[in-house]
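Worksheet: the structure to be examined is printed underneath.
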Amino acid sequence: MGVLGFHPMWVLAKRELRSAIYGIGIYLTILLSLIISSVILQNYIKSVGRDQLLITASPLAYPLFIATVVCAVYLALSSVTSIAREKDMQTLEALFYGPVDHATYILSKYLKGVLSYIFIVLFLAAYFTVASTVSNLGLSLKFLGVLLLSLFLSSCVITFGIFVSTLAGSVRTSVLLFLGIAGGLIAFQISHGALVRIEEPSLAAALIYLRNTLAIINAGVKWTSPFHYMNQGMEAVSLGSVGKYVLSGALSMIYSAVALFASVLVLKRKGVRRTTGE
Amino acid sequence: MIRTVDLGKQYGDFWAVRDLNLNVREGEIYGFVGPNGAGKTTTILMTLAILQPSRGGVYLFDDQIRASRADVRRKIGVVSEKQFLYPQMTMWEYLDFFGELYQVENRGERIAELATRVELDDVLDRRLGAFSRGMQQKVGFVRALLHDPDLLILDEPVSGLDPMGIRQVRDLVEEENRKGKTVFISSHLLSEVEKLCHRVGIMNNGRLLAEDRMDSLVRRLTEEVELDLEFSKEEPQAAEAVRGFDFVRGIFMEGKFLTVKMKADQDYRRDVVEALISRGHVPVGTRLRSMSLEEAFITITKENISLLTKADA
C-alpha cells in the first residue's frame, strides 16, 4: 500500500458500509441473531424458574456470543460475495486503474467488515440492555468482556471470508467454497470435541485411532479455523481468566493479520481480471 | 513517459508478449496497433501493474517509477475497451465516487464540466445500467479525465461508438494532448490511429515489429509514391516536362489530371513542380498519395517483415 493508501481504503470502505446500512441484509441478520438469542434466553429463564436458581454467572454472555457468531458469519459471507461480485462484474479492474492496490482493496473490505460489526454491536448492546432490564438478569462484567472480545473474534471470521473470496473467481464458487471450508472446520471441531469427551475405556480401538488422528490434525486445524478462536475466547470468558482473555484477543489479531496478508498475496497472484484478454 | 525494457508475459508455454522495448515520449500521441491477440491489452495491463510481467519491466514518468505505486496511478487516466460500471449507481454517484477516490478538488464542477464536454450532462442522474455502450464509453472517458492526469492510456477507446461519438473522442484526445497530456492509444481502428497519432508501434504475435513516426514508417516501407497534379485546363504536354527525371517511374495523363509515379527514397515534389512551371504548366493543386497506415500495417504484419529487419540492420 502506497503512502496515500489510507484515503482510497477509507473511500472504498465508506461506500460499501453505506450500501450495507441502506440494504436489508444487515437488519435481517440482526433480527435473526436476536431471535436465536431470545430463544436461548427464554429457555434459560425457564430453567432458572424451574430449578429455582438464585444466583447464576453471566446469563447473557452465552446468548450474546451466539448472536455475535451469527452476525460474524453474515459479515464473512458479505465479504465473500462482495469481492467475488466485483470480480464477476469486472468493476474491480477500474478501481485498480486508480490509486487502489491489492493491499488497499483487501484492507478496505476488512475495514468495512469491522465497521459493519460495530454497527451491529450497537443493536446487540441495546437489545441485551433491554433484555437485562425486562428479565432482571444483570449485565455482568463478563457480558462486556464478550462484547469487546467479539470484535476481535468477528475480525477472524471476516478475514477468513475475505481470504476465501480471493481464492474463487465467481460469487457461486466463493460462497460454496466458504460454506464448504467453514462447514468442514466446524464439523471437524465438533467431532473432535465429542470424541475427546468420551473416556478411552468405552471407545472401540478404531475410534481411539480416529481420536488420536483427529487430535494430530486438530493441532494444525485449530490455528487455521476462525471458529477455534471463538471457542477459545468464550472459554476465557467463562473461566474468567484475564490472561487467556488477552491471549485470545492477541491471537485473533495475529490470525486476522496473517489472513489479510495471505489474501493480498492470493489476489496479487490471481490478478484482478477474470480473463487475461488479448 | 512510458518505457518498457525487454518486457515479456508468459502463459504456460505461450508468450503473449515478448522482448518488448517501447518508448512513449512525453507530450506525444502514441498509437499502439496490432490485430486481436497481438498482445496490446496484455502490455497495457503490465504497464498499469495489473498484470505482473514474466520478464523485464515497465518504467513510467521519471524512468524509475512503477505503476504499482498509488501516487503514480493518480497521474494516469485509463479508458479500457469495456467500462464495467456499477449498474446500480447513477452517473453522478459513480463519478463522485471516483472523484473522491482520486481526491479531486471541486469535483462537482469538474464532473459537470466533463459531462458537458461529452454531451452527457442531461443524464447525470440516470442509472448506469440503462446506458448504451457508447454512453458507457464516454463515462469511462470522464472517469479517466476527472483527476486531470498527465498520462492517458486508452485501450480501444472508440470501440462501440457511433461516428459522432468517435469524432467527439478524437476531439477530446486532441484537446487533452494540446494541454500537454501524453496519450497512449491501443487500437485496431487504423484510420483513427492515423488521424490522431504522432508515432505508432506495430505489434503482432507479442512482438513489436516497428516503432516510428507515421511518415517515417511509411517511407521505410514504400518504394514508390504517386503525385497527383491538377491543372486548370487540359495540358497534354505537361507529361513531357517530367519524363526526363530518373526518379520518375511512370506518368499517367487523364484530362486535367497528371499522375507521376516516383521513387519514395526522397521528397521529389519540388523538382516535379518546378519542372512543370518552367515549361509553363502551372498546377492548381497537388496531392501526394503514399501508403496508409492500414496498408503499412498489412505490409508489416503479413508480407514484409524482412524489409523492416533489413532496414533496422
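Ordering of the C-alpha cells sets the chain letters (A, B, ...); residue numbers start at 1 within each chain; ligands are numbered from 1 in the order shown.
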
Quick check: residues of chain B within 9 Å of chain A, only C-alpha atoms, returned as a count of residues only.
38

Using only C-alpha atoms, which protein or nucleic acid residues come within 9 Å of Ser159 in chain B? Drop anything in the same chain fewer than 4 positions from it, and give the result as an MDAnalysis selection string.
chainID B and resid 81:82 133:134 137 155 166 187 189

List the spatial neighbours of Ile40 in chain A as a PyMOL selection string - criterion: any atom at most 7 Å away, only C-alpha atoms, same-chain residues fewer than 4 positions off excluded.
chain A and resi 36+44+63

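By only C-alpha atoms, and with residues fewer than 6 positions from Val175 in chain A along its chain excluded, the set lying at most 10 Å from it is Ala76, Leu77, Ser78, Ser79, Val80, Thr81, Ala84, Gly161, Val164, Ser165, Ala168 and Ile181 of chain A.
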
Output C-alpha atoms for every residue in the selection just made, as a PDB file, in the first residue's frame.
```pdb
ATOM      1  CA  ALA A  76     -17.881 -13.044   6.305  1.00  0.00           C
ATOM      2  CA  LEU A  77     -20.430 -14.118   3.672  1.00  0.00           C
ATOM      3  CA  SER A  78     -20.939 -10.493   2.761  1.00  0.00           C
ATOM      4  CA  SER A  79     -17.174 -10.076   2.201  1.00  0.00           C
ATOM      5  CA  VAL A  80     -17.080 -13.288   0.196  1.00  0.00           C
ATOM      6  CA  THR A  81     -19.855 -12.184  -2.148  1.00  0.00           C
ATOM      7  CA  ALA A  84     -16.454 -12.189  -5.973  1.00  0.00           C
ATOM      8  CA  GLY A 161     -14.207 -14.823   4.464  1.00  0.00           C
ATOM      9  CA  VAL A 164     -11.698 -17.498   0.804  1.00  0.00           C
ATOM     10  CA  SER A 165     -13.152 -14.937  -1.613  1.00  0.00           C
ATOM     11  CA  ALA A 168     -12.556 -18.117  -6.008  1.00  0.00           C
ATOM     12  CA  ILE A 181     -14.498 -24.862   4.311  1.00  0.00           C
TER      13      ILE A 181
END
```

Just list as a PyMOL selection string whatever in range 14-260 of chain B DSSP marks as strand (DSSP E or B).
chain B and resi 14-20+23-24+29-33+55-60+65+76-79+90+127+151-155+182-187+199-204+207-213+224-230+248-254+257-260

If you count only C-alpha atoms, which residues fall within 9 Å of Gly99 in chain B, apart from same-chain ones fewer than 2 positions away, as number ranges by chain?
B: 94-97, 101-105, 107-108, 110-111, 143, 146-147

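Picture a line from CA of Ala264 in chain B to CA of Glu234 in chain B; it runs 27.3 Å.
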
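Here CA of Arg55 in chain B is placed at a distance of 4.8 Å from CA of Gly8 in chain B.
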
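Excluding range 137-147 of chain A itself and same-chain residues fewer than 6 positions from it, the residues having an atom within 9 Å of it are A:Ile45, A:Thr56, A:Ala57, A:Ser58, A:Pro59, A:Leu60, A:Ala61, A:Tyr62, A:Leu64, A:Phe65, A:Thr68, A:Val121, A:Leu124, A:Ala125, A:Phe128, A:Thr129, A:Ala131, A:Gly233, A:Met234, A:Val237, A:Ser238, A:Gly240, A:Tyr245, counting only C-alpha atoms.
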
Residues near Lys179 in chain B, cut-off 12 Å, only C-alpha atoms, skip fewer than 3 positions along chain, as number ranges by chain:
B: 27-28, 148-151, 172-176, 182-183

Go ahead and write the residues just picked, N, CA and C atoms, as a PDB file, in the first residue's frame.
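Listing of part.pdb after writing:
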```pdb
ATOM      1  N   GLY B  27       4.336  14.095 -24.064  1.00  0.00           N
ATOM      2  CA  GLY B  27       3.621  15.062 -24.906  1.00  0.00           C
ATOM      3  C   GLY B  27       3.146  14.530 -26.240  1.00  0.00           C
ATOM      4  N   GLU B  28       3.434  13.286 -26.556  1.00  0.00           N
ATOM      5  CA  GLU B  28       3.023  12.773 -27.864  1.00  0.00           C
ATOM      6  C   GLU B  28       1.754  11.904 -27.763  1.00  0.00           C
ATOM      7  N   ASP B 148      -7.476  14.967 -13.945  1.00  0.00           N
ATOM      8  CA  ASP B 148      -6.542  15.697 -14.792  1.00  0.00           C
ATOM      9  C   ASP B 148      -5.169  15.011 -14.840  1.00  0.00           C
ATOM     10  N   PRO B 149      -5.130  13.774 -15.355  1.00  0.00           N
ATOM     11  CA  PRO B 149      -3.863  13.016 -15.318  1.00  0.00           C
ATOM     12  C   PRO B 149      -2.857  13.526 -16.351  1.00  0.00           C
ATOM     13  N   ASP B 150      -1.597  13.198 -16.142  1.00  0.00           N
ATOM     14  CA  ASP B 150      -0.549  13.584 -17.099  1.00  0.00           C
ATOM     15  C   ASP B 150      -0.486  12.597 -18.261  1.00  0.00           C
ATOM     16  N   LEU B 151      -0.874  11.378 -17.979  1.00  0.00           N
ATOM     17  CA  LEU B 151      -0.778  10.325 -18.993  1.00  0.00           C
ATOM     18  C   LEU B 151      -2.145   9.664 -19.171  1.00  0.00           C
ATOM     19  N   LEU B 172     -11.605  15.211 -28.137  1.00  0.00           N
ATOM     20  CA  LEU B 172     -11.248  15.227 -26.715  1.00  0.00           C
ATOM     21  C   LEU B 172      -9.768  14.858 -26.522  1.00  0.00           C
ATOM     22  N   VAL B 173      -9.355  13.818 -27.224  1.00  0.00           N
ATOM     23  CA  VAL B 173      -7.962  13.351 -27.115  1.00  0.00           C
ATOM     24  C   VAL B 173      -7.013  14.428 -27.617  1.00  0.00           C
ATOM     25  N   GLU B 174      -7.371  15.023 -28.763  1.00  0.00           N
ATOM     26  CA  GLU B 174      -6.500  16.071 -29.326  1.00  0.00           C
ATOM     27  C   GLU B 174      -6.421  17.275 -28.392  1.00  0.00           C
ATOM     28  N   GLU B 175      -7.557  17.619 -27.810  1.00  0.00           N
ATOM     29  CA  GLU B 175      -7.599  18.760 -26.897  1.00  0.00           C
ATOM     30  C   GLU B 175      -6.722  18.495 -25.665  1.00  0.00           C
ATOM     31  N   GLU B 176      -6.856  17.280 -25.117  1.00  0.00           N
ATOM     32  CA  GLU B 176      -6.063  16.937 -23.929  1.00  0.00           C
ATOM     33  C   GLU B 176      -4.579  16.916 -24.268  1.00  0.00           C
ATOM     34  N   THR B 182       0.250  13.305 -22.342  1.00  0.00           N
ATOM     35  CA  THR B 182       0.756  12.254 -23.209  1.00  0.00           C
ATOM     36  C   THR B 182      -0.359  11.221 -23.370  1.00  0.00           C
ATOM     37  N   VAL B 183      -0.557  10.757 -24.600  1.00  0.00           N
ATOM     38  CA  VAL B 183      -1.652   9.814 -24.848  1.00  0.00           C
ATOM     39  C   VAL B 183      -1.105   8.542 -25.481  1.00  0.00           C
TER      40      VAL B 183
END
```

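Here CA of Ala115 in chain B stands at a distance of 24.5 Å from CA of Val193 in chain B.
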